[in-house]
Each structure stands twice: as structure tokens, then as C-alpha cells.
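Chemist: Supplied structure: target.csv, CSV, N, CA and C atoms.
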chain,number,residue,atom,x,y,z
A,1,MET,N,-37.3,15.1,-13.8
A,1,MET,CA,-36.0,14.4,-13.6
A,1,MET,C,-35.9,14.1,-12.1
A,2,THR,N,-35.6,12.9,-11.8
A,2,THR,CA,-35.4,12.5,-10.4
A,2,THR,C,-33.9,12.2,-10.3
A,3,LEU,N,-33.3,12.7,-9.1
A,3,LEU,CA,-31.9,12.5,-8.8
A,3,LEU,C,-31.8,11.3,-7.9
A,4,ASN,N,-30.8,10.5,-8.2
A,4,ASN,CA,-30.4,9.4,-7.3
A,4,ASN,C,-29.4,9.9,-6.3
A,5,LEU,N,-29.9,10.2,-5.1
A,5,LEU,CA,-29.0,10.8,-4.1
A,5,LEU,C,-28.0,9.9,-3.5
A,6,ASP,N,-28.1,8.6,-3.8
A,6,ASP,CA,-27.1,7.6,-3.4
A,6,ASP,C,-25.8,7.8,-4.2
A,7,SER,N,-25.8,8.5,-5.3
A,7,SER,CA,-24.6,8.6,-6.1
A,7,SER,C,-23.9,9.9,-5.9
A,8,PHE,N,-24.2,10.6,-4.8
A,8,PHE,CA,-23.6,11.9,-4.5
A,8,PHE,C,-23.0,11.8,-3.1
A,9,VAL,N,-22.0,12.7,-2.8
A,9,VAL,CA,-21.5,12.9,-1.5
A,9,VAL,C,-21.6,14.4,-1.3
A,10,ALA,N,-21.6,14.8,0.0
A,10,ALA,CA,-21.5,16.2,0.3
A,10,ALA,C,-20.1,16.6,0.7
A,11,VAL,N,-19.6,17.6,0.1
A,11,VAL,CA,-18.2,18.1,0.4
A,11,VAL,C,-18.3,19.5,1.0
A,12,PRO,N,-17.9,19.7,2.2
A,12,PRO,CA,-18.0,21.0,2.8
A,12,PRO,C,-17.0,22.0,2.1
A,13,VAL,N,-17.6,23.1,1.7
A,13,VAL,CA,-16.8,24.3,1.2
A,13,VAL,C,-17.3,25.5,2.0
A,14,SER,N,-16.5,26.5,2.0
A,14,SER,CA,-17.0,27.7,2.8
A,14,SER,C,-18.2,28.3,2.0
A,15,SER,N,-19.0,28.9,2.8
A,15,SER,CA,-20.2,29.6,2.2
A,15,SER,C,-19.8,30.7,1.3
A,16,GLU,N,-18.7,31.4,1.6
A,16,GLU,CA,-18.2,32.4,0.7
A,16,GLU,C,-17.8,31.9,-0.7
A,17,LEU,N,-17.1,30.8,-0.7
A,17,LEU,CA,-16.7,30.2,-1.9
A,17,LEU,C,-17.9,29.7,-2.7
A,18,TYR,N,-18.8,29.0,-2.1
A,18,TYR,CA,-20.0,28.6,-2.8
A,18,TYR,C,-20.8,29.7,-3.3
A,19,ALA,N,-20.9,30.8,-2.6
A,19,ALA,CA,-21.7,32.0,-3.0
A,19,ALA,C,-21.0,32.6,-4.3
A,20,GLU,N,-19.7,32.6,-4.3
A,20,GLU,CA,-19.0,33.2,-5.5
A,20,GLU,C,-19.2,32.3,-6.7
A,21,PHE,N,-19.2,31.0,-6.5
A,21,PHE,CA,-19.5,30.1,-7.6
A,21,PHE,C,-21.0,30.3,-8.1
A,22,ALA,N,-21.9,30.4,-7.2
A,22,ALA,CA,-23.3,30.6,-7.5
A,22,ALA,C,-23.5,31.9,-8.2
A,23,ARG,N,-22.7,32.9,-7.9
A,23,ARG,CA,-22.8,34.2,-8.6
A,23,ARG,C,-22.3,34.1,-10.0
A,24,ARG,N,-21.2,33.4,-10.2
A,24,ARG,CA,-20.6,33.3,-11.5
A,24,ARG,C,-21.3,32.3,-12.4
A,25,PHE,N,-21.8,31.2,-11.8
A,25,PHE,CA,-22.4,30.1,-12.6
A,25,PHE,C,-23.8,29.7,-12.0
A,26,PRO,N,-24.8,30.6,-12.1
A,26,PRO,CA,-26.1,30.3,-11.5
A,26,PRO,C,-26.7,29.1,-12.1
A,27,GLY,N,-27.2,28.2,-11.2
A,27,GLY,CA,-27.8,27.0,-11.7
A,27,GLY,C,-26.8,25.8,-12.1
A,28,GLY,N,-25.5,26.0,-11.9
A,28,GLY,CA,-24.6,25.0,-12.3
A,28,GLY,C,-23.4,24.8,-11.4
A,29,VAL,N,-23.6,25.2,-10.2
A,29,VAL,CA,-22.4,25.1,-9.2
A,29,VAL,C,-21.9,23.7,-9.1
A,30,SER,N,-22.7,22.7,-8.9
A,30,SER,CA,-22.2,21.3,-8.7
A,30,SER,C,-21.5,20.8,-10.0
A,31,SER,N,-22.1,21.1,-11.1
A,31,SER,CA,-21.4,20.6,-12.4
A,31,SER,C,-20.1,21.3,-12.6
A,32,VAL,N,-19.9,22.6,-12.3
A,32,VAL,CA,-18.6,23.2,-12.4
A,32,VAL,C,-17.6,22.7,-11.4
A,33,LEU,N,-18.0,22.5,-10.2
A,33,LEU,CA,-17.1,21.9,-9.2
A,33,LEU,C,-16.7,20.5,-9.6
A,34,GLU,N,-17.6,19.7,-10.1
A,34,GLU,CA,-17.3,18.3,-10.5
A,34,GLU,C,-16.3,18.4,-11.7
A,35,GLN,N,-16.5,19.3,-12.6
A,35,GLN,CA,-15.6,19.4,-13.8
A,35,GLN,C,-14.2,19.8,-13.3
A,36,ILE,N,-14.1,20.7,-12.3
A,36,ILE,CA,-12.8,21.1,-11.8
A,36,ILE,C,-12.1,20.0,-11.1
A,37,ALA,N,-12.9,19.2,-10.3
A,37,ALA,CA,-12.3,18.1,-9.6
A,37,ALA,C,-11.8,17.0,-10.6
A,38,GLN,N,-12.6,16.7,-11.6
A,38,GLN,CA,-12.2,15.7,-12.6
A,38,GLN,C,-11.0,16.2,-13.4
A,39,ASP,N,-10.9,17.5,-13.7
A,39,ASP,CA,-9.7,18.0,-14.4
A,39,ASP,C,-8.5,17.8,-13.5
A,40,PHE,N,-8.6,18.1,-12.2
A,40,PHE,CA,-7.5,18.0,-11.3
A,40,PHE,C,-7.0,16.5,-11.3
A,41,LEU,N,-8.0,15.6,-11.2
A,41,LEU,CA,-7.6,14.2,-11.1
A,41,LEU,C,-6.9,13.7,-12.4
A,42,ASP,N,-7.4,14.2,-13.6
A,42,ASP,CA,-6.8,13.8,-14.8
A,42,ASP,C,-5.4,14.4,-15.0
A,43,ARG,N,-5.2,15.6,-14.5
A,43,ARG,CA,-3.9,16.2,-14.6
A,43,ARG,C,-2.9,15.6,-13.7
A,44,THR,N,-3.3,15.1,-12.6
A,44,THR,CA,-2.3,14.6,-11.6
A,44,THR,C,-2.3,13.0,-11.6
A,45,ALA,N,-3.0,12.4,-12.5
A,45,ALA,CA,-3.0,10.9,-12.4
A,45,ALA,C,-1.6,10.3,-12.6
A,46,GLU,N,-0.8,10.7,-13.5
A,46,GLU,CA,0.5,10.1,-13.7
A,46,GLU,C,1.4,10.4,-12.6
A,47,ASP,N,1.4,11.6,-12.0
A,47,ASP,CA,2.2,12.0,-10.9
A,47,ASP,C,1.9,11.1,-9.7
A,48,PHE,N,0.6,10.9,-9.4
A,48,PHE,CA,0.2,10.1,-8.3
A,48,PHE,C,0.6,8.6,-8.5
A,49,ASP,N,0.3,8.1,-9.6
A,49,ASP,CA,0.7,6.7,-9.9
A,49,ASP,C,2.2,6.4,-9.8
A,50,ALA,N,3.0,7.4,-10.3
A,50,ALA,CA,4.4,7.2,-10.3
A,50,ALA,C,5.0,7.3,-8.9
A,51,ARG,N,4.5,8.0,-8.0
A,51,ARG,CA,5.1,8.2,-6.7
A,51,ARG,C,4.4,7.5,-5.6
A,52,ASP,N,3.3,6.9,-5.8
A,52,ASP,CA,2.5,6.3,-4.7
A,52,ASP,C,2.4,4.7,-4.9
A,53,PRO,N,3.3,4.0,-4.3
A,53,PRO,CA,3.3,2.5,-4.4
A,53,PRO,C,2.3,1.8,-3.5
A,54,ARG,N,1.4,2.6,-2.8
A,54,ARG,CA,0.5,2.0,-1.8
A,54,ARG,C,-0.4,0.9,-2.4
A,55,GLY,N,-0.6,1.1,-3.7
A,55,GLY,CA,-1.5,0.1,-4.4
A,55,GLY,C,-0.9,-1.2,-4.5
A,56,GLN,N,0.4,-1.3,-4.5
A,56,GLN,CA,1.1,-2.6,-4.7
A,56,GLN,C,1.7,-3.1,-3.4
A,57,GLY,N,1.7,-4.3,-3.2
A,57,GLY,CA,2.2,-4.9,-2.0
A,57,GLY,C,1.6,-6.3,-1.8
A,58,VAL,N,1.8,-6.8,-0.6
A,58,VAL,CA,1.3,-8.1,-0.3
A,58,VAL,C,0.7,-8.0,1.1
A,59,TYR,N,-0.5,-8.7,1.3
A,59,TYR,CA,-1.1,-8.8,2.6
A,59,TYR,C,-0.6,-10.2,3.2
A,60,TRP,N,-0.1,-10.1,4.4
A,60,TRP,CA,0.2,-11.3,5.1
A,60,TRP,C,-0.8,-11.3,6.3
A,61,GLU,N,-1.9,-12.0,6.1
A,61,GLU,CA,-3.0,-11.9,7.0
A,61,GLU,C,-3.4,-10.5,7.0
A,62,ALA,N,-3.5,-9.8,8.2
A,62,ALA,CA,-3.9,-8.4,8.3
A,62,ALA,C,-2.7,-7.4,8.1
A,63,LEU,N,-1.5,-7.9,8.0
A,63,LEU,CA,-0.3,-7.1,7.9
A,63,LEU,C,-0.1,-6.8,6.4
A,64,PHE,N,-0.1,-5.5,6.0
A,64,PHE,CA,0.2,-5.1,4.6
A,64,PHE,C,1.7,-4.8,4.5
A,65,LEU,N,2.3,-5.4,3.5
A,65,LEU,CA,3.8,-5.1,3.2
A,65,LEU,C,3.8,-4.4,1.9
A,66,PRO,N,4.1,-3.1,1.9
A,66,PRO,CA,4.1,-2.4,0.6
A,66,PRO,C,5.3,-2.7,-0.2
A,67,GLU,N,5.2,-2.4,-1.5
A,67,GLU,CA,6.2,-2.6,-2.5
A,67,GLU,C,7.6,-2.1,-1.9
A,68,GLY,N,8.6,-2.9,-2.0
A,68,GLY,CA,9.9,-2.5,-1.5
A,68,GLY,C,10.2,-3.0,-0.1
A,69,SER,N,9.2,-3.6,0.5
A,69,SER,CA,9.5,-4.2,1.9
A,69,SER,C,10.5,-5.3,1.7
A,70,GLN,N,11.3,-5.5,2.8
A,70,GLN,CA,12.3,-6.6,2.8
A,70,GLN,C,11.9,-7.6,3.9
A,71,ILE,N,12.1,-8.8,3.6
A,71,ILE,CA,11.9,-9.9,4.6
A,71,ILE,C,13.2,-10.7,4.7
A,72,ARG,N,13.6,-10.9,6.0
A,72,ARG,CA,14.8,-11.6,6.2
A,72,ARG,C,14.7,-12.7,7.2
A,73,THR,N,15.6,-13.6,7.2
A,73,THR,CA,15.7,-14.7,8.2
A,73,THR,C,17.2,-15.0,8.3
A,74,LYS,N,17.6,-15.5,9.5
A,74,LYS,CA,19.0,-15.9,9.7
A,74,LYS,C,19.0,-17.4,9.8
A,75,HIS,N,19.7,-18.0,8.9
A,75,HIS,CA,19.8,-19.5,8.9
A,75,HIS,C,21.2,-19.9,8.9
A,76,TYR,N,21.7,-20.7,9.9
A,76,TYR,CA,23.1,-21.1,10.0
A,76,TYR,C,24.0,-19.9,9.9
A,77,GLY,N,23.7,-18.8,10.6
A,77,GLY,CA,24.5,-17.7,10.7
A,77,GLY,C,24.5,-16.7,9.6
A,78,GLU,N,23.7,-17.0,8.6
A,78,GLU,CA,23.7,-16.2,7.4
A,78,GLU,C,22.3,-15.6,7.2
A,79,PHE,N,22.3,-14.2,7.0
A,79,PHE,CA,21.0,-13.6,6.7
A,79,PHE,C,20.6,-13.8,5.2
A,80,LYS,N,19.4,-14.2,5.0
A,80,LYS,CA,18.8,-14.3,3.7
A,80,LYS,C,17.7,-13.3,3.6
A,81,ILE,N,17.7,-12.5,2.5
A,81,ILE,CA,16.7,-11.4,2.4
A,81,ILE,C,15.9,-11.5,1.1
A,82,ALA,N,14.6,-11.5,1.3
A,82,ALA,CA,13.6,-11.5,0.2
A,82,ALA,C,13.0,-10.1,0.1
A,83,GLU,N,12.2,-9.8,-0.9
A,83,GLU,CA,11.7,-8.5,-1.1
A,83,GLU,C,10.3,-8.6,-1.8
A,84,ILE,N,9.5,-7.6,-1.5
A,84,ILE,CA,8.2,-7.4,-2.2
A,84,ILE,C,8.5,-6.7,-3.4
A,85,LEU,N,8.3,-7.3,-4.6
A,85,LEU,CA,8.6,-6.7,-5.9
A,85,LEU,C,7.4,-6.9,-6.8
A,86,ASN,N,6.9,-5.9,-7.4
A,86,ASN,CA,5.7,-6.0,-8.3
A,86,ASN,C,4.5,-6.8,-7.7
A,87,GLY,N,4.3,-6.5,-6.4
A,87,GLY,CA,3.2,-7.1,-5.7
A,87,GLY,C,3.4,-8.6,-5.4
A,88,ALA,N,4.6,-9.1,-5.4
A,88,ALA,CA,4.9,-10.5,-5.2
A,88,ALA,C,6.0,-10.7,-4.2
A,89,ILE,N,6.0,-11.8,-3.4
A,89,ILE,CA,7.1,-12.1,-2.5
A,89,ILE,C,8.2,-12.8,-3.4
A,90,THR,N,9.4,-12.1,-3.4
A,90,THR,CA,10.4,-12.6,-4.3
A,90,THR,C,11.7,-12.8,-3.6
A,91,TRP,N,12.3,-14.0,-3.8
A,91,TRP,CA,13.6,-14.3,-3.3
A,91,TRP,C,14.4,-15.1,-4.3
A,92,GLN,N,15.6,-14.7,-4.6
A,92,GLN,CA,16.5,-15.3,-5.6
A,92,GLN,C,15.8,-15.5,-6.9
A,93,SER,N,15.1,-14.4,-7.3
A,93,SER,CA,14.4,-14.4,-8.6
A,93,SER,C,13.2,-15.3,-8.7
A,94,GLU,N,12.8,-15.9,-7.6
A,94,GLU,CA,11.6,-16.7,-7.6
A,94,GLU,C,10.5,-16.1,-6.8
A,95,GLU,N,9.3,-16.3,-7.2
A,95,GLU,CA,8.1,-15.7,-6.5
A,95,GLU,C,7.5,-16.8,-5.6
A,96,TYR,N,7.1,-16.4,-4.4
A,96,TYR,CA,6.5,-17.4,-3.4
A,96,TYR,C,5.1,-17.0,-3.1
A,97,PRO,N,4.1,-17.9,-3.1
A,97,PRO,CA,2.7,-17.6,-2.9
A,97,PRO,C,2.4,-17.2,-1.4
A,98,SER,N,3.3,-17.5,-0.5
A,98,SER,CA,3.0,-17.2,0.9
A,98,SER,C,4.3,-17.0,1.7
A,99,MET,N,4.2,-16.4,2.8
A,99,MET,CA,5.4,-16.2,3.7
A,99,MET,C,5.8,-17.5,4.3
A,100,SER,N,4.9,-18.4,4.5
A,100,SER,CA,5.3,-19.7,5.0
A,100,SER,C,6.2,-20.5,4.1
A,101,GLN,N,5.8,-20.4,2.8
A,101,GLN,CA,6.6,-21.1,1.8
A,101,GLN,C,7.9,-20.4,1.6
A,102,LEU,N,7.9,-19.1,1.7
A,102,LEU,CA,9.2,-18.3,1.6
A,102,LEU,C,10.1,-18.8,2.8
A,103,ALA,N,9.6,-18.8,4.0
A,103,ALA,CA,10.4,-19.1,5.1
A,103,ALA,C,11.0,-20.6,5.0
A,104,ARG,N,10.1,-21.5,4.5
A,104,ARG,CA,10.6,-22.8,4.3
A,104,ARG,C,11.7,-22.9,3.3
A,105,ALA,N,11.6,-22.2,2.2
A,105,ALA,CA,12.7,-22.2,1.2
A,105,ALA,C,14.0,-21.5,1.7
A,106,MET,N,13.8,-20.4,2.4
A,106,MET,CA,15.0,-19.6,2.9
A,106,MET,C,15.7,-20.4,4.0
A,107,ARG,N,15.0,-21.3,4.6
A,107,ARG,CA,15.6,-22.0,5.8
A,107,ARG,C,15.8,-23.5,5.4
A,108,GLY,N,16.2,-23.8,4.2
A,108,GLY,CA,16.6,-25.1,3.8
A,108,GLY,C,15.5,-26.2,3.7
A,109,ASP,N,14.4,-25.7,3.3
A,109,ASP,CA,13.2,-26.6,3.2
A,109,ASP,C,12.8,-27.3,4.5
A,110,THR,N,12.9,-26.5,5.6
A,110,THR,CA,12.5,-27.0,6.9
A,110,THR,C,11.2,-26.4,7.3
A,111,SER,N,10.4,-27.0,8.1
A,111,SER,CA,9.2,-26.5,8.6
A,111,SER,C,9.4,-25.4,9.7
A,112,ASN,N,8.8,-24.2,9.5
A,112,ASN,CA,9.0,-23.1,10.4
A,112,ASN,C,7.7,-22.4,10.6
A,113,ASN,N,7.6,-21.7,11.7
A,113,ASN,CA,6.5,-20.7,11.9
A,113,ASN,C,7.1,-19.4,11.4
A,114,ALA,N,6.6,-19.0,10.2
A,114,ALA,CA,7.1,-17.8,9.5
A,114,ALA,C,7.0,-16.5,10.4
A,115,TRP,N,6.0,-16.4,11.2
A,115,TRP,CA,5.8,-15.3,12.1
A,115,TRP,C,7.0,-15.2,13.1
A,116,LYS,N,7.5,-16.3,13.5
A,116,LYS,CA,8.6,-16.4,14.5
A,116,LYS,C,10.0,-16.3,13.9
A,117,VAL,N,10.2,-16.7,12.6
A,117,VAL,CA,11.6,-16.7,12.0
A,117,VAL,C,11.9,-15.6,11.1
A,118,LEU,N,10.8,-14.8,10.7
A,118,LEU,CA,11.1,-13.7,9.7
A,118,LEU,C,11.1,-12.4,10.4
A,119,GLU,N,11.9,-11.5,9.8
A,119,GLU,CA,11.9,-10.1,10.2
A,119,GLU,C,11.5,-9.2,9.0
A,120,ILE,N,10.9,-8.1,9.3
A,120,ILE,CA,10.4,-7.2,8.2
A,120,ILE,C,11.0,-5.9,8.3
A,121,LYS,N,11.3,-5.3,7.2
A,121,LYS,CA,11.7,-3.9,7.1
A,121,LYS,C,11.0,-3.3,5.9
A,122,ARG,N,9.9,-2.5,6.3
A,122,ARG,CA,9.2,-1.8,5.2
A,122,ARG,C,9.9,-0.5,4.8
A,123,PRO,N,9.6,0.0,3.6
A,123,PRO,CA,10.3,1.2,3.2
A,123,PRO,C,10.4,2.3,4.2
A,124,SER,N,9.3,2.5,5.0
A,124,SER,CA,9.3,3.6,6.0
A,124,SER,C,10.0,3.2,7.3
A,125,ASP,N,10.4,2.0,7.5
A,125,ASP,CA,11.0,1.5,8.7
A,125,ASP,C,12.5,1.9,8.8
A,126,VAL,N,12.9,2.2,10.0
A,126,VAL,CA,14.4,2.5,10.2
A,126,VAL,C,15.1,1.2,10.5
A,127,LYS,N,14.5,0.3,11.2
A,127,LYS,CA,15.2,-1.0,11.6
A,127,LYS,C,14.3,-2.2,11.3
A,128,TRP,N,14.9,-3.3,11.3
A,128,TRP,CA,14.2,-4.6,11.1
A,128,TRP,C,13.3,-4.9,12.4
A,129,GLU,N,12.1,-5.4,12.1
A,129,GLU,CA,11.2,-5.8,13.2
A,129,GLU,C,10.8,-7.2,13.1
A,130,PRO,N,10.8,-8.0,14.2
A,130,PRO,CA,10.4,-9.3,14.1
A,130,PRO,C,8.9,-9.3,13.6
A,131,ALA,N,8.6,-10.2,12.7
A,131,ALA,CA,7.3,-10.3,12.1
A,131,ALA,C,6.2,-10.5,13.2
A,132,ILE,N,6.5,-11.2,14.2
A,132,ILE,CA,5.5,-11.5,15.3
A,132,ILE,C,5.1,-10.2,16.0
A,133,PHE,N,6.0,-9.2,16.1
A,133,PHE,CA,5.6,-7.9,16.7
A,133,PHE,C,4.7,-7.1,15.8
A,134,LEU,N,4.8,-7.3,14.5
A,134,LEU,CA,4.0,-6.5,13.6
A,134,LEU,C,2.6,-7.1,13.4
A,135,ARG,N,2.5,-8.4,13.8
A,135,ARG,CA,1.3,-9.1,13.6
A,135,ARG,C,0.1,-8.5,14.5
A,136,LYS,N,0.5,-7.9,15.6
A,136,LYS,CA,-0.5,-7.4,16.6
A,136,LYS,C,-1.4,-6.3,16.0
Since I need it in another form, could you write the structure as C-alpha cells?
Modeler:
Amino acid sequence: MTLNLDSFVAVPVSSELYAEFARRFPGGVSSVLEQIAQDFLDRTAEDFDARDPRGQGVYWEALFLPEGSQIRTKHYGEFKIAEILNGAITWQSEEYPSMSQLARAMRGDTSNNAWKVLEIKRPSDVKWEPAIFLRK
């Protein structure tokens, strides 16, 4: 039997822990550790999916806006706020394919540089930040 070493990774564990596994399960340490790891992943899958929204969001060039991020602009003295919902840019129950098109819609169908006219507040942010500052 030949092993394909490209399908494995090395995970450091203490030599004492490995020795105890080897004592209890001679000849099968890696398969036991793999079963334990898989069992852990299976048992925690729902918890992880329910509390970790990192998989959903929108990329605006290199800037990632996670689920729940808010996007706002001020137009004629009024703040208009959109949000990242279900992996989409949403404003007034409509989805927009880009920040540029969102900025255009929020600002009365006028041409704008979205980086300059939009502010962002991600779920982890305390205050609104101009998008241009987050672009760097």
C-alpha cells in the first residue's frame, strides 16, 4: 500500500499525548485522532454555522463587508442606510449588484464615486467609517 502524503498534514501534539495514544491504540494512532476530530466537527457543525456569519457577506474589491454591515450616505441632509443581508447589498427591499449602483440609487440616480460618498459600519465597528478609509 502506498500513501499519498499530499493528502495529509502534520499537527503537533505533545509527545506524552502521542505516547499515551500509541500505548492504548498500537498501530492506529492517526485513525483514532482523525475519528475524534471528525466527531468533534460533526457535533459542533450546527453551533458553528448558527453563530459564525463570516461565510456570508459581500466583497467590495478587497474590502469584505460581513453580514449585518450597514452602508450609508447623506443626500440632501438625509441619511439613507442600506445593509448586507443574506450575502447581498440591500436597500429599501431591493438588492444591488454593486456599491456603485447602490450609491447611484441612494443619491437620486446621480453619478457618484461610491468610495467617496458611502460610509460603512460593520457589526464589529463602534462608529461609521468613510469607505475610502477602509479601502486602504
Chemist: Find the distance between atom N of Val9 (chain A) and atom C of Arg23 (chain A) and write it in Å to one decimal.
Modeler: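 A separation of 22.6 Å between them.
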Chemist: Which one is closest to Ser124 (chain A): A:Ile81, A:Val32, A:Leu65, A:Leu102? Count only C-alpha atoms.
Modeler: A:Leu65
Chemist: Would you work out the distance separating atom N of Ser98 (chain A) from CA of Glu61 (chain A), expressed in Å to one decimal?
Modeler: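 Interatomic distance, atom N of Ser98 (chain A) to CA of Glu61 (chain A): 11.3 Å.
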Chemist: Choose the residue, out of A:Leu118, A:Leu63, A:Ala131, A:Ile36, that has the smallest atom-to-atom separation from His75 (chain A); count only C-alpha atoms.
Modeler: A:Leu118
Chemist: Taking all atoms listed in the file into account, which of A:Gln92, A:Thr44, A:Asn86, A:Thr73 comes nearest Val58 (chain A)?
Modeler: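 Of A:Gln92, A:Thr44, A:Asn86, A:Thr73, the one nearest Val58 (chain A), counting all atoms listed in the file, is A:Asn86.
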Chemist: Atom N of Glu78 (chain A) to atom C of Gly57 (chain A): how many Å, to one decimal?
Modeler: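 According to the coordinates, atom N of Glu78 (chain A) and atom C of Gly57 (chain A) are separated by 26.7 Å.
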Chemist: Go through region 105-136 of chain A and collect every residue that DSSP, computed from the backbone, puts in alpha helix (DSSP H); the answer should be as a list of chain:residue names.
Modeler: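 Selecting the alpha helix (DSSP H) positions of region 105-136 of chain A gives A:Ala105, A:Met106, A:Ala114, A:Trp115, A:Lys116, A:Val117, A:Ala131, A:Ile132, A:Phe133, A:Leu134.
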Chemist: Can those selected residues be exported to a file as an mmCIF file, in the coordinates of the input so that it contains N, CA and C atoms?
Modeler:
data_model
loop_
_atom_site.group_PDB
_atom_site.id
_atom_site.type_symbol
_atom_site.label_atom_id
_atom_site.label_comp_id
_atom_site.auth_asym_id
_atom_site.auth_seq_id
_atom_site.Cartn_x
_atom_site.Cartn_y
_atom_site.Cartn_z
ATOM 1 N N ALA A 105 11.600 -22.200 2.200
ATOM 2 C CA ALA A 105 12.700 -22.200 1.200
ATOM 3 C C ALA A 105 14.000 -21.500 1.700
ATOM 4 N N MET A 106 13.800 -20.400 2.400
ATOM 5 C CA MET A 106 15.000 -19.600 2.900
ATOM 6 C C MET A 106 15.700 -20.400 4.000
ATOM 7 N N ALA A 114 6.600 -19.000 10.200
ATOM 8 C CA ALA A 114 7.100 -17.800 9.500
ATOM 9 C C ALA A 114 7.000 -16.500 10.400
ATOM 10 N N TRP A 115 6.000 -16.400 11.200
ATOM 11 C CA TRP A 115 5.800 -15.300 12.100
ATOM 12 C C TRP A 115 7.000 -15.200 13.100
ATOM 13 N N LYS A 116 7.500 -16.300 13.500
ATOM 14 C CA LYS A 116 8.600 -16.400 14.500
ATOM 15 C C LYS A 116 10.000 -16.300 13.900
ATOM 16 N N VAL A 117 10.200 -16.700 12.600
ATOM 17 C CA VAL A 117 11.600 -16.700 12.000
ATOM 18 C C VAL A 117 11.900 -15.600 11.100
ATOM 19 N N ALA A 131 8.600 -10.200 12.700
ATOM 20 C CA ALA A 131 7.300 -10.300 12.100
ATOM 21 C C ALA A 131 6.200 -10.500 13.200
ATOM 22 N N ILE A 132 6.500 -11.200 14.200
ATOM 23 C CA ILE A 132 5.500 -11.500 15.300
ATOM 24 C C ILE A 132 5.100 -10.200 16.000
ATOM 25 N N PHE A 133 6.000 -9.200 16.100
ATOM 26 C CA PHE A 133 5.600 -7.900 16.700
ATOM 27 C C PHE A 133 4.700 -7.100 15.800
ATOM 28 N N LEU A 134 4.800 -7.300 14.500
ATOM 29 C CA LEU A 134 4.000 -6.500 13.600
ATOM 30 C C LEU A 134 2.600 -7.100 13.400
#
Chemist: Smallest atom-to-atom distance to Lys121 (chain A): which of A:Leu134, A:Ile71, A:Ile89, A:Ala62, using only C-alpha atoms?
Modeler: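 That would be A:Ile71, the residue with the smallest distance to Lys121 (chain A).
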Chemist: Which residues, written as a list in words, have at least one atom at most 12 Å from Val11 (chain A), with only C-alpha atoms counted and residues fewer than 6 positions away on the same chain left out?
Modeler: Tyr18, Ser30, Leu33, Glu34 and Ala37 of chain A
Chemist: Would you mind writing down, as a count of residues only, each residue of chain A that DSSP on the backbone assigns to strand (DSSP E)?
Modeler: 34
Chemist: Between A:Leu85, A:Leu17, A:Val29, A:Met99, single out the one closest to Asn113 (chain A), counting all atoms listed in the file.
Modeler: A:Met99
Chemist: So, counting only C-alpha atoms, which residue among A:Phe21, A:Trp60, A:Val126, A:Gln38 is closest to Pro97 (chain A)?
Modeler: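 Among the listed residues, the smallest separation from Pro97 (chain A) belongs to A:Trp60.
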